[in-house]
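Structure file upload11.pdb (PDB, C-alpha atoms and all ligand atoms) is printed below.
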```
ATOM      1  CA  MET O  19      10.370  -2.808 -28.171
ATOM      2  CA  SER O  20      12.061  -2.936 -24.805
ATOM      3  CA  ASP O  21      10.826  -4.996 -21.932
ATOM      4  CA  ILE O  22       8.930  -3.017 -19.346
ATOM      5  CA  ILE O  23       9.181  -3.515 -15.609
ATOM      6  CA  PHE O  24       6.654  -1.917 -13.289
ATOM      7  CA  LEU O  25       8.284  -1.127  -9.981
ATOM      8  CA  ASP O  26       6.530  -0.529  -6.729
ATOM      9  CA  ARG O  27       8.232   2.237  -4.744
ATOM     10  CA  ASP O  28       8.100   1.883  -0.934
ATOM     11  CA  GLY O  29       9.617  -1.358   0.313
ATOM     12  CA  THR O  30      10.826  -2.250  -3.174
ATOM     13  CA  ILE O  31      13.290   0.398  -4.378
ATOM     14  CA  ASN O  32      13.530   2.211  -1.050
ATOM     15  CA  PRO O  33      12.950   1.309   2.597
ATOM     16  CA  ASP O  34       9.386   1.844   3.803
ATOM     17  CA  PRO O  35       9.338   3.641   7.144
ATOM     18  CA  GLY O  36       5.720   4.686   6.402
ATOM     19  CA  TYR O  37       4.518   7.859   4.690
ATOM     20  CA  ILE O  38       7.794   9.366   3.493
ATOM     21  CA  SER O  39       6.851  13.048   3.487
ATOM     22  CA  SER O  40       9.957  14.887   2.309
ATOM     23  CA  VAL O  41      12.824  14.318  -0.058
ATOM     24  CA  SER O  42      15.260  14.481   2.876
ATOM     25  CA  GLN O  43      13.675  11.248   4.201
ATOM     26  CA  TYR O  44      13.955   9.488   0.870
ATOM     27  CA  GLN O  45      16.782   7.086   0.132
ATOM     28  CA  PHE O  46      17.155   4.153  -2.229
ATOM     29  CA  PHE O  47      18.307   0.771  -1.003
ATOM     30  CA  ARG O  48      22.063   0.686  -1.612
ATOM     31  CA  TYR O  49      21.715  -1.904  -4.396
ATOM     32  CA  THR O  50      18.725  -0.341  -6.168
ATOM     33  CA  LEU O  51      20.524   1.902  -8.643
ATOM     34  CA  PRO O  52      23.299  -0.553  -9.608
ATOM     35  CA  ALA O  53      20.734  -3.339 -10.074
ATOM     36  CA  LEU O  54      18.396  -1.232 -12.200
ATOM     37  CA  LYS O  55      21.331   0.091 -14.219
ATOM     38  CA  ILE O  56      22.263  -3.464 -15.219
ATOM     39  CA  LEU O  57      18.688  -4.139 -16.331
ATOM     40  CA  SER O  58      18.483  -0.808 -18.139
ATOM     41  CA  ASP O  59      21.697  -1.590 -20.014
ATOM     42  CA  ARG O  60      20.075  -4.851 -21.099
ATOM     43  CA  GLY O  61      17.151  -2.942 -22.586
ATOM     44  CA  PHE O  62      14.598  -2.864 -19.778
ATOM     45  CA  GLN O  63      12.599   0.295 -19.139
ATOM     46  CA  PHE O  64      10.892   1.117 -15.865
ATOM     47  CA  VAL O  65       7.595   2.548 -14.714
ATOM     48  CA  ILE O  66       7.053   3.285 -11.029
ATOM     49  CA  VAL O  67       3.493   2.733  -9.777
ATOM     50  CA  THR O  68       2.924   3.717  -6.171
ATOM     51  CA  ASN O  69       0.029   4.095  -3.734
ATOM     52  CA  GLN O  70       0.466   7.359  -1.823
ATOM     53  CA  SER O  71      -2.624   7.522   0.368
ATOM     54  CA  GLY O  72      -0.620   9.775   2.706
ATOM     55  CA  LEU O  73      -1.733  12.570   0.385
ATOM     56  CA  SER O  74      -5.425  12.115   1.156
ATOM     57  CA  ARG O  75      -4.653  11.322   4.785
ATOM     58  CA  GLY O  76      -2.989  14.751   5.108
ATOM     59  CA  LEU O  77       0.349  13.158   5.988
ATOM     60  CA  ILE O  78       2.162  14.109   2.763
ATOM     61  CA  ASP O  79       1.961  17.419   0.894
ATOM     62  CA  LYS O  80       1.655  17.159  -2.859
ATOM     63  CA  ILE O  81       4.556  19.570  -3.364
ATOM     64  CA  ASN O  82       6.785  17.285  -1.291
ATOM     65  CA  LEU O  83       5.700  14.223  -3.264
ATOM     66  CA  MET O  84       6.546  16.099  -6.474
ATOM     67  CA  GLU O  85      10.005  16.848  -5.050
ATOM     68  CA  ILE O  86      10.500  13.176  -4.251
ATOM     69  CA  ASN O  87       9.345  12.203  -7.746
ATOM     70  CA  ASP O  88      11.752  14.736  -9.268
ATOM     71  CA  TYR O  89      14.562  13.378  -7.141
ATOM     72  CA  ILE O  90      13.831   9.801  -8.219
ATOM     73  CA  ALA O  91      13.560  10.765 -11.903
ATOM     74  CA  GLN O  92      16.731  12.845 -11.787
ATOM     75  CA  THR O  93      18.680  10.118  -9.982
ATOM     76  CA  PHE O  94      17.560   7.518 -12.519
ATOM     77  CA  ARG O  95      18.596   9.869 -15.330
ATOM     78  CA  GLU O  96      22.010  10.577 -13.772
ATOM     79  CA  ASN O  97      22.585   6.847 -13.483
ATOM     80  CA  GLY O  98      21.541   6.118 -17.056
ATOM     81  CA  ILE O  99      18.421   4.180 -16.013
ATOM     82  CA  GLU O 100      15.428   4.392 -18.383
ATOM     83  CA  LEU O 101      12.421   5.574 -16.383
ATOM     84  CA  LEU O 102       9.281   6.141 -18.424
ATOM     85  CA  GLY O 103       7.270   7.663 -15.609
ATOM     86  CA  ILE O 104       6.131   7.718 -12.020
ATOM     87  CA  TYR O 105       2.412   7.079 -11.518
ATOM     88  CA  TYR O 106       0.879   7.539  -8.090
ATOM     89  CA  CYS O 107      -2.520   7.094  -6.532
ATOM     90  CA  PRO O 108      -3.302   9.928  -4.085
ATOM     91  CA  HIS O 109      -6.510   8.418  -2.718
ATOM     92  CA  HIS O 110      -7.536   6.951   0.606
ATOM     93  CA  PRO O 111      -8.610   3.285   0.382
ATOM     94  CA  ASP O 112     -12.142   4.346   1.405
ATOM     95  CA  GLU O 113     -12.453   6.497  -1.709
ATOM     96  CA  LYS O 114     -12.733   3.321  -3.790
ATOM     97  CA  CYS O 115     -10.876   4.818  -6.731
ATOM     98  CA  ASN O 116      -9.759   2.826  -9.739
ATOM     99  CA  CYS O 117      -6.100   3.758  -9.458
ATOM    100  CA  ARG O 118      -5.051   2.473  -6.044
ATOM    101  CA  LYS O 119      -3.313  -0.882  -6.412
ATOM    102  CA  PRO O 120      -4.529  -3.646  -6.627
ATOM    103  CA  LYS O 121      -6.652  -1.698  -9.124
ATOM    104  CA  THR O 122      -4.959  -1.380 -12.465
ATOM    105  CA  GLN O 123      -5.872   2.003 -13.933
ATOM    106  CA  LEU O 124      -2.378   3.466 -13.554
ATOM    107  CA  PHE O 125      -0.856   0.510 -15.411
ATOM    108  CA  HIS O 126      -3.224   0.992 -18.334
ATOM    109  CA  GLN O 127      -2.540   4.726 -18.281
ATOM    110  CA  ALA O 128       1.222   4.120 -18.448
ATOM    111  CA  ALA O 129       0.813   1.628 -21.298
ATOM    112  CA  ASN O 130      -1.321   4.149 -23.159
ATOM    113  CA  ASP O 131       0.980   7.101 -22.470
ATOM    114  CA  HIS O 132       4.074   5.223 -23.592
ATOM    115  CA  GLN O 133       2.543   2.993 -26.246
ATOM    116  CA  PHE O 134       3.490  -0.428 -24.996
ATOM    117  CA  ASN O 135       1.518  -3.618 -24.561
ATOM    118  CA  LEU O 136       0.905  -4.944 -21.085
ATOM    119  CA  PRO O 137       1.349  -8.665 -21.901
ATOM    120  CA  GLY O 138       4.978  -9.579 -21.396
ATOM    121  CA  THR O 139       5.651  -6.879 -18.813
ATOM    122  CA  TYR O 140       6.632  -7.487 -15.206
ATOM    123  CA  ILE O 141       5.780  -6.104 -11.822
ATOM    124  CA  ILE O 142       8.169  -6.163  -8.884
ATOM    125  CA  GLY O 143       6.701  -5.311  -5.510
ATOM    126  CA  ASP O 144       6.643  -6.143  -1.813
ATOM    127  CA  SER O 145       2.924  -5.973  -1.183
ATOM    128  CA  TYR O 146       0.076  -8.318  -1.979
ATOM    129  CA  LYS O 147      -1.554  -5.345  -3.729
ATOM    130  CA  ASP O 148       1.301  -5.330  -6.249
ATOM    131  CA  ILE O 149       0.939  -9.036  -6.888
ATOM    132  CA  LYS O 150      -2.844  -8.817  -7.173
ATOM    133  CA  ALA O 151      -2.539  -5.949  -9.658
ATOM    134  CA  GLY O 152      -0.107  -8.032 -11.695
ATOM    135  CA  LYS O 153      -2.478 -11.005 -11.596
ATOM    136  CA  SER O 154      -5.395  -8.850 -12.774
ATOM    137  CA  LEU O 155      -3.275  -7.627 -15.655
ATOM    138  CA  GLY O 156      -2.025 -11.110 -16.510
ATOM    139  CA  ILE O 157       1.602  -9.998 -16.343
ATOM    140  CA  LYS O 158       4.604 -11.631 -14.671
ATOM    141  CA  THR O 159       4.754 -11.110 -10.924
ATOM    142  CA  ILE O 160       7.887 -10.873  -8.815
ATOM    143  CA  LEU O 161       7.728 -10.539  -5.042
ATOM    144  CA  VAL O 162      10.612  -9.005  -3.141
ATOM    145  CA  ARG O 163      11.110  -9.876   0.538
ATOM    146  CA  THR O 164      12.089  -6.332   1.578
ATOM    147  CA  GLY O 165       9.444  -3.966   3.010
ATOM    148  CA  ASN O 166       6.290  -6.012   3.603
ATOM    149  CA  GLY O 167       7.544  -8.818   1.396
ATOM    150  CA  LYS O 168       7.963 -11.510   4.045
ATOM    151  CA  LYS O 169       4.444 -10.942   5.345
ATOM    152  CA  THR O 170       3.145 -10.946   1.787
ATOM    153  CA  GLU O 171       4.960 -14.196   1.066
ATOM    154  CA  LYS O 172       3.111 -15.889   3.938
ATOM    155  CA  GLU O 173      -0.243 -14.578   2.705
ATOM    156  CA  ILE O 174       0.494 -15.771  -0.803
ATOM    157  CA  GLU O 175       1.445 -19.207   0.493
ATOM    158  CA  LYS O 176      -1.726 -19.388   2.560
ATOM    159  CA  ASP O 177      -3.808 -18.534  -0.495
ATOM    160  CA  GLY O 178      -1.929 -20.976  -2.718
ATOM    161  CA  GLU O 179      -1.234 -18.072  -5.054
ATOM    162  CA  PHE O 180       1.522 -18.306  -7.650
ATOM    163  CA  VAL O 181       4.222 -15.770  -8.339
ATOM    164  CA  ASP O 182       6.911 -16.099 -10.992
ATOM    165  CA  PHE O 183       9.770 -15.388  -8.605
ATOM    166  CA  ILE O 184      10.477 -14.385  -5.007
ATOM    167  CA  GLY O 185      13.754 -12.624  -4.276
ATOM    168  CA  ASP O 186      15.341 -11.461  -1.019
ATOM    169  CA  THR O 187      16.108  -8.076  -2.536
ATOM    170  CA  LEU O 188      15.718  -6.206  -5.784
ATOM    171  CA  GLU O 189      19.244  -7.349  -6.571
ATOM    172  CA  ASP O 190      18.095 -10.990  -6.490
ATOM    173  CA  CYS O 191      15.163 -10.124  -8.738
ATOM    174  CA  THR O 192      17.597  -8.557 -11.187
ATOM    175  CA  LYS O 193      19.651 -11.737 -11.327
ATOM    176  CA  TYR O 194      16.495 -13.749 -11.968
ATOM    177  CA  LEU O 195      15.437 -11.459 -14.800
ATOM    178  CA  LEU O 196      18.869 -11.539 -16.398
ATOM    179  CA  SER O 197      18.934 -15.321 -16.377
ATOM    180  CA  HIS O 198      15.331 -15.836 -17.536
ATOM    181  CA  VAL O 199      14.700 -13.148 -20.054
ATOM    182  CA  LYS O 200      16.280 -12.854 -23.419
ATOM    183  CA  ILE O 201      16.325  -9.430 -24.943
ATOM    184  CA  GLN O 202      17.173  -8.972 -28.542
TER     185      GLN O 202
HETATM  186 MG    MG G   1       5.503  -1.376  -1.400
END
```

Could you render the structure as structure tokens?
Ligand SMILES: [Mg+2]
Amino acid sequence: MSDIIFLDRDGTINPDPGYISSVSQYQFFRYTLPALKILSDRGFQFVIVTNQSGLSRGLIDKINLMEINDYIAQTFRENGIELLGIYYCPHHPDEKCNCRKPKTQLFHQAANDHQFNLPGTYIIGDSYKDIKAGKSLGIKTILVRTGNGKKTEKEIEKDGEFVDFIGDTLEDCTKYLLSHVKIQ
């Protein structure tokens, strides 16, 4: 079985200008695809889990989010990067759903859909919600300082919370994973 990495989307694999509403606004960080390709070649598989409350706020149309998801999936495929799926929460925080991170429903759904165990997986994200979801799941947590990451780092420090690694960019996180994880 491959190792699974849950990836947050905004602020982690792409810049987060807030509520990206069309595929023309979507772009990966320049290092995202090369970094993920290296991990994919080493046997990692990816699942994107993203909060998209812009849907319920009326700021993003579902058809446009589907186009963005297609673009991400196609780009991963063209680059030979193993993406198992993109899971998104469409709800507003006030709706108190079970899928908006830090809630963990989407992680369990992905594990069920793709028949993998959650223990031993990783999450990489820039928000405290990503880290809290990872903590609830008991998986390894990696904070990236892009997006909201620097703010999150301060909050984590204040709380005395522990994360397995903090990297300046996804590229740094890749280097950490390559040096700390042995894949058969
Ligand atoms: Mg994020």

Produce a table with one row for each residue of stretch 94-183 of chain O that has an atom at most 12 Å from any atom of stretch 32-54 of chain O, each row naming the nearest atom pair and its distance in Å at one decimal; use all atoms listed in the file; arrange rows by chain and rising residue number; format as CSV.
```
residue,atom,partner,partner_atom,distance
O:Phe94,CA,O:Leu51,CA,7.4
O:Arg95,CA,O:Leu51,CA,10.6
O:Glu96,CA,O:Leu51,CA,10.2
O:Asn97,CA,O:Leu51,CA,7.2
O:Gly98,CA,O:Leu54,CA,9.4
O:Ile99,CA,O:Leu54,CA,6.6
O:Glu100,CA,O:Leu54,CA,8.9
O:Leu101,CA,O:Leu54,CA,10.0
O:Pro108,CA,O:Tyr37,CA,11.9
O:Ile142,CA,O:Leu54,CA,11.8
O:Gly143,CA,O:Asn32,CA,11.1
O:Asp144,CA,O:Asp34,CA,10.1
O:Ser145,CA,O:Asp34,CA,11.3
O:Val162,CA,O:Asn32,CA,11.8
O:Arg163,CA,O:Pro33,CA,11.5
O:Thr164,CA,O:Pro33,CA,7.8
O:Gly165,CA,O:Asp34,CA,5.9
O:Asn166,CA,O:Asp34,CA,8.4
O:Gly167,CA,O:Asp34,CA,11.1
```

Using all atoms listed in the file, the best pick from O:Leu155, O:Leu57, O:Ile31, O:Leu161 as closest to O:Pro137 would be O:Leu155

Check your understanding: Which of these residues is nearest to ligand MG 1 (chain G), using only C-alpha atoms and all ligand atoms: O:Ile23, O:Leu102, O:Val67, O:Leu124?
Key ->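 For ligand MG 1 (chain G), the nearest of the given residues is O:Val67.
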
| said: To one decimal place in Å, what is the distance between atom CA of O:Lys121 and atom CA of O:Val65? | reply: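 Separating atom CA of O:Lys121 from atom CA of O:Val65 is a distance of 15.9 Å.
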
Atom CA of O:Thr170 and atom CA of O:Lys147, how far apart in Å?
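Spanning atom CA of O:Lys147 to atom CA of O:Thr170 is a straight-line distance of 9.2 Å.
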
Take atom CA of O:Lys55 and atom CA of O:Phe125 and report the distance between them in Å, one decimal.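 Straight-line distance from atom CA of O:Lys55 to atom CA of O:Phe125 works out to 22.2 Å.
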
Return the single residue from O:Phe180, O:Tyr106, O:Tyr89, O:Tyr194 that is closest to O:Gly152, with distances computed using all atoms listed in the file.
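Ranked by minimum distance to O:Gly152, first place goes to O:Phe180.
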
Report the residues retrieved by the PyMOL selection byres (((chain O and resi 109-114) around 6) and not hetatm) from the displayed file, expressed as number ranges by chain. O: 71, 74, 107-108, 115

Expected file contents, prior selection, C-alpha atoms, as a PDB file, in the frame of the given file:
```pdb
ATOM      1  CA  SER O  71      -2.624   7.522   0.368  1.00  0.00           C
ATOM      2  CA  SER O  74      -5.425  12.115   1.156  1.00  0.00           C
ATOM      3  CA  CYS O 107      -2.520   7.094  -6.532  1.00  0.00           C
ATOM      4  CA  PRO O 108      -3.302   9.928  -4.085  1.00  0.00           C
ATOM      5  CA  CYS O 115     -10.876   4.818  -6.731  1.00  0.00           C
TER       6      CYS O 115
END
```

With 4 Å on each side, where is the centre of the axis-aligned box around all listed atoms of stretch 81-94 of chain O, and how long are its edges in Å to one decimal, as lines of an AutoDock Vina configuration file?
```
center_x = 11.6
center_y = 13.5
center_z = -6.9
size_x = 22.1
size_y = 20.1
size_z = 19.2
```

I'd like the contact shell of O:Pro120 - 7 Å cut-off, only C-alpha atoms, skipping same-chain residues fewer than 3 positions apart - returned as a PyMOL selection string. chain O and resi 147-148+150-151

Between O:Ala128, O:Leu136, O:Ile149, O:Ile174, smallest distance to ligand MG 1 (chain G) by only C-alpha atoms and all ligand atoms belongs to O:Ile149

### Query
Which one is closest to O:Gln70: O:Ile22, O:Asp28, O:Gln92, O:Thr122? Count all atoms listed in the file.
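Of all the options, O:Asp28 lies closest to O:Gln70.
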
Given the choices O:Asp26, O:Asp21, O:Asp59, O:Glu173, which gets closest to ligand MG 1 (chain G) if the distance is worked out from only C-alpha atoms and all ligand atoms?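 Checking each of O:Asp26, O:Asp21, O:Asp59, O:Glu173 against ligand MG 1 (chain G), counting only C-alpha atoms and all ligand atoms, the winner is O:Asp26.
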
- For the file shown, report as JSON, numbers by chain the outcome of the PyMOL selection byres (((chain O and resi 195) around 12) and not hetatm) at residue level. {"O": [21, 22, 23, 53, 54, 56, 57, 58, 60, 61, 62, 139, 140, 141, 142, 158, 159, 160, 182, 183, 184, 185, 188, 189, 190, 191, 192, 193, 194, 196, 197, 198, 199, 200, 201]}
